[in-house]
Amino acid sequence: MLDACYDTSVVQSAVDLANTLKPVRGEDFLESVGQLHDFLDDHPALGPVKPSEPAEQHAAGARWSLTEEDLAEVRSVRETVRAVLERASTDAAGAVALVNDGLRRSRATPVLRVGDGGWRTEVVSGTDRCSAHLAAAMFGALASVIATLGPNRLGACAGPNCRGTFVDLSRNGSKQYCTRACAHRVSVAAYRSRNNPG
Ligand SMILES: [Zn+2]
């Protein structure tokens, strides 16, 4: 099974981090330390912090005393994650260079863990920085998707005025829109313009 190579909830957390920025609408949902805490609370798959730590039940956000510096660093990781997602299908070499650089800078280290589904590899950071922890996990997951499914599975929404990012883990891999709502909006607009030309 290909999906044994990556944790789908970590893949999704990378997409969710990129999508905390809505570039077309100019909205940003990662502007405060509180919002960073909320993001981590909503993504428990990103824990635990250190390879030596046992998996904990409590939310990931509770494990860090986060500062403005952490926020700035995570925002910088977000910029790279978004660039990888936006570029992968048109500039695979450029996206892969960003992934490799992100892995190196976060001192990413592969570790073996056992879970409900058996053994799996995960990538963790060799540092205690929150941003490095997120970078190692997310770039590790994106690297696995690229290696197993190809760079075309990463993308930005084809809907006008969107630019939401996605990773397509489906069987046929034909995703073009970030959400069904976006695909629906586009098909409704196409239908209207067919029926009301000019
Ligand atoms: Zn969209």
# chains A, B, ... in the order shown; residues from 1 in each chain; ligands from 1
>>> residues_near_ligand(ligand="ligand 1", cutoff="6 Å", atoms="only C-alpha atoms and all ligand atoms", output="PyMOL selection string")
chain A and resi 157+159+162-164+177-179+182
>>> select_by_dssp(residues="segment 89-142 of chain A", states="helix (DSSP H, G or I)", output="ChimeraX atom specification")
/A:92-105,130-142
>>> closest_residue(among="A:His184, A:Arg153, A:His43, A:Arg104", to="Ser9 of chain A", atoms="only C-alpha atoms")
A:His43
>>> select_by_dssp(residues="segment 123-159 of chain A", states="strand (DSSP E)", output="ChimeraX atom specification")
/A:123-125,154-156
>>> write_last_selection(atoms="C-alpha atoms", output="PDB file, in the first residue's frame")
ATOM      1  CA  VAL A 123      10.579  12.254   9.935  1.00  0.00           C
ATOM      2  CA  VAL A 124      11.294  14.338  13.029  1.00  0.00           C
ATOM      3  CA  SER A 125      13.502  17.344  13.699  1.00  0.00           C
ATOM      4  CA  LEU A 154       0.611  18.624  -5.361  1.00  0.00           C
ATOM      5  CA  GLY A 155      -1.172  21.668  -6.664  1.00  0.00           C
ATOM      6  CA  ALA A 156      -3.000  24.957  -6.366  1.00  0.00           C
TER       7      ALA A 156
END
>>> residues_around(residues="Leu134 of chain A", least_positions_apart="2", cutoff="10 Å", atoms="only C-alpha atoms", output="list in words")
Val10, Ser13, Ala14, Leu17, Leu40, Leu46, Gly47, Val49, Val74, Val77, Arg78, Ser106, Val123, Val124, Ser125, Arg129, Cys130, Ser131, Ala132, Ala136, Ala137, Met138, Phe139 and Gly140 of chain A
>>> residues_around(residues="Val96 of chain A", least_positions_apart="2", cutoff="12 Å", atoms="only C-alpha atoms", output="JSON, numbers by chain")
{"A": [80, 81, 83, 84, 85, 86, 87, 88, 89, 90, 91, 92, 93, 94, 98, 99, 100, 101, 102, 103, 139, 140, 142, 143, 144, 145, 146, 147, 150, 151, 152, 154]}
>>> residues_around(residues="segment 6-8 of chain A", least_positions_apart="2", cutoff="8 Å", atoms="only C-alpha atoms", output="list in words")
Asp3, Ala4, Val10, Val11, Gln12, Thr121, Glu122, Ala141, Ser144 and Val145 of chain A
>>> residues_around(residues="Phe29 of chain A", least_positions_apart="3", cutoff="12 Å", atoms="only C-alpha atoms", output="list of chain:residue names")
A:Asp16, A:Leu17, A:Ala18, A:Asn19, A:Thr20, A:Leu21, A:Lys22, A:Pro23, A:Arg25, A:Gly26, A:Ser32, A:Val33, A:Gly34, A:Gln35, A:Leu36, A:His37, A:Asp38, A:Phe39, A:Leu71, A:Arg75, A:Arg78
>>> write_last_selection(atoms="N, CA and C atoms", output="PDB file, in the first residue's frame")
ATOM      1  N   ASP A  16      -3.090  22.362   5.137  1.00  0.00           N
ATOM      2  CA  ASP A  16      -3.825  23.288   6.010  1.00  0.00           C
ATOM      3  C   ASP A  16      -2.967  24.482   6.407  1.00  0.00           C
ATOM      4  N   LEU A  17      -1.671  24.228   6.647  1.00  0.00           N
ATOM      5  CA  LEU A  17      -0.782  25.344   7.004  1.00  0.00           C
ATOM      6  C   LEU A  17      -0.703  26.324   5.834  1.00  0.00           C
ATOM      7  N   ALA A  18      -0.472  25.795   4.626  1.00  0.00           N
ATOM      8  CA  ALA A  18      -0.402  26.679   3.444  1.00  0.00           C
ATOM      9  C   ALA A  18      -1.693  27.475   3.291  1.00  0.00           C
ATOM     10  N   ASN A  19      -2.833  26.823   3.591  1.00  0.00           N
ATOM     11  CA  ASN A  19      -4.127  27.460   3.375  1.00  0.00           C
ATOM     12  C   ASN A  19      -4.569  28.356   4.525  1.00  0.00           C
ATOM     13  N   THR A  20      -3.709  28.538   5.535  1.00  0.00           N
ATOM     14  CA  THR A  20      -4.021  29.575   6.527  1.00  0.00           C
ATOM     15  C   THR A  20      -3.844  30.950   5.888  1.00  0.00           C
ATOM     16  N   LEU A  21      -3.194  30.979   4.727  1.00  0.00           N
ATOM     17  CA  LEU A  21      -3.087  32.216   3.950  1.00  0.00           C
ATOM     18  C   LEU A  21      -4.024  32.106   2.750  1.00  0.00           C
ATOM     19  N   LYS A  22      -4.884  33.103   2.581  1.00  0.00           N
ATOM     20  CA  LYS A  22      -5.763  33.168   1.406  1.00  0.00           C
ATOM     21  C   LYS A  22      -5.240  34.309   0.560  1.00  0.00           C
ATOM     22  N   PRO A  23      -4.298  34.029  -0.357  1.00  0.00           N
ATOM     23  CA  PRO A  23      -3.595  35.127  -1.029  1.00  0.00           C
ATOM     24  C   PRO A  23      -4.495  36.001  -1.889  1.00  0.00           C
ATOM     25  N   ARG A  25      -7.789  36.696  -1.437  1.00  0.00           N
ATOM     26  CA  ARG A  25      -8.633  37.559  -0.603  1.00  0.00           C
ATOM     27  C   ARG A  25      -7.804  38.405   0.354  1.00  0.00           C
ATOM     28  N   GLY A  26      -6.499  38.080   0.452  1.00  0.00           N
ATOM     29  CA  GLY A  26      -5.646  38.837   1.351  1.00  0.00           C
ATOM     30  C   GLY A  26      -5.941  38.537   2.814  1.00  0.00           C
ATOM     31  N   SER A  32      -1.130  35.547  14.743  1.00  0.00           N
ATOM     32  CA  SER A  32      -0.851  35.717  16.170  1.00  0.00           C
ATOM     33  C   SER A  32      -0.388  34.389  16.758  1.00  0.00           C
ATOM     34  N   VAL A  33       0.272  34.474  17.914  1.00  0.00           N
ATOM     35  CA  VAL A  33       0.717  33.268  18.610  1.00  0.00           C
ATOM     36  C   VAL A  33      -0.499  32.411  18.984  1.00  0.00           C
ATOM     37  N   GLY A  34      -1.612  33.065  19.334  1.00  0.00           N
ATOM     38  CA  GLY A  34      -2.841  32.329  19.668  1.00  0.00           C
ATOM     39  C   GLY A  34      -3.330  31.506  18.481  1.00  0.00           C
ATOM     40  N   GLN A  35      -3.245  32.089  17.281  1.00  0.00           N
ATOM     41  CA  GLN A  35      -3.672  31.350  16.082  1.00  0.00           C
ATOM     42  C   GLN A  35      -2.737  30.175  15.798  1.00  0.00           C
ATOM     43  N   LEU A  36      -1.452  30.347  16.123  1.00  0.00           N
ATOM     44  CA  LEU A  36      -0.507  29.231  15.953  1.00  0.00           C
ATOM     45  C   LEU A  36      -0.856  28.104  16.931  1.00  0.00           C
ATOM     46  N   HIS A  37      -1.183  28.482  18.179  1.00  0.00           N
ATOM     47  CA  HIS A  37      -1.625  27.481  19.158  1.00  0.00           C
ATOM     48  C   HIS A  37      -2.849  26.731  18.642  1.00  0.00           C
ATOM     49  N   ASP A  38      -3.804  27.488  18.110  1.00  0.00           N
ATOM     50  CA  ASP A  38      -5.033  26.863  17.604  1.00  0.00           C
ATOM     51  C   ASP A  38      -4.711  25.895  16.469  1.00  0.00           C
ATOM     52  N   PHE A  39      -3.791  26.308  15.581  1.00  0.00           N
ATOM     53  CA  PHE A  39      -3.427  25.438  14.454  1.00  0.00           C
ATOM     54  C   PHE A  39      -2.853  24.120  14.976  1.00  0.00           C
ATOM     55  N   LEU A  71       6.319  32.180  15.913  1.00  0.00           N
ATOM     56  CA  LEU A  71       5.309  32.538  14.915  1.00  0.00           C
ATOM     57  C   LEU A  71       5.987  32.962  13.609  1.00  0.00           C
ATOM     58  N   ARG A  75       5.684  31.024  10.079  1.00  0.00           N
ATOM     59  CA  ARG A  75       5.185  31.730   8.887  1.00  0.00           C
ATOM     60  C   ARG A  75       6.164  31.565   7.724  1.00  0.00           C
ATOM     61  N   ARG A  78       5.660  28.186   6.379  1.00  0.00           N
ATOM     62  CA  ARG A  78       4.430  28.194   5.579  1.00  0.00           C
ATOM     63  C   ARG A  78       4.696  28.702   4.165  1.00  0.00           C
TER      64      ARG A  78
END
>>> atom_distance(atom1="atom CA of Gly126 of chain A", atom2="atom CA of Ala108 of chain A")
6.1 Å
>>> atom_distance(atom1="atom CA of Thr148 of chain A", atom2="atom CA of Val114 of chain A")
21.0 Å
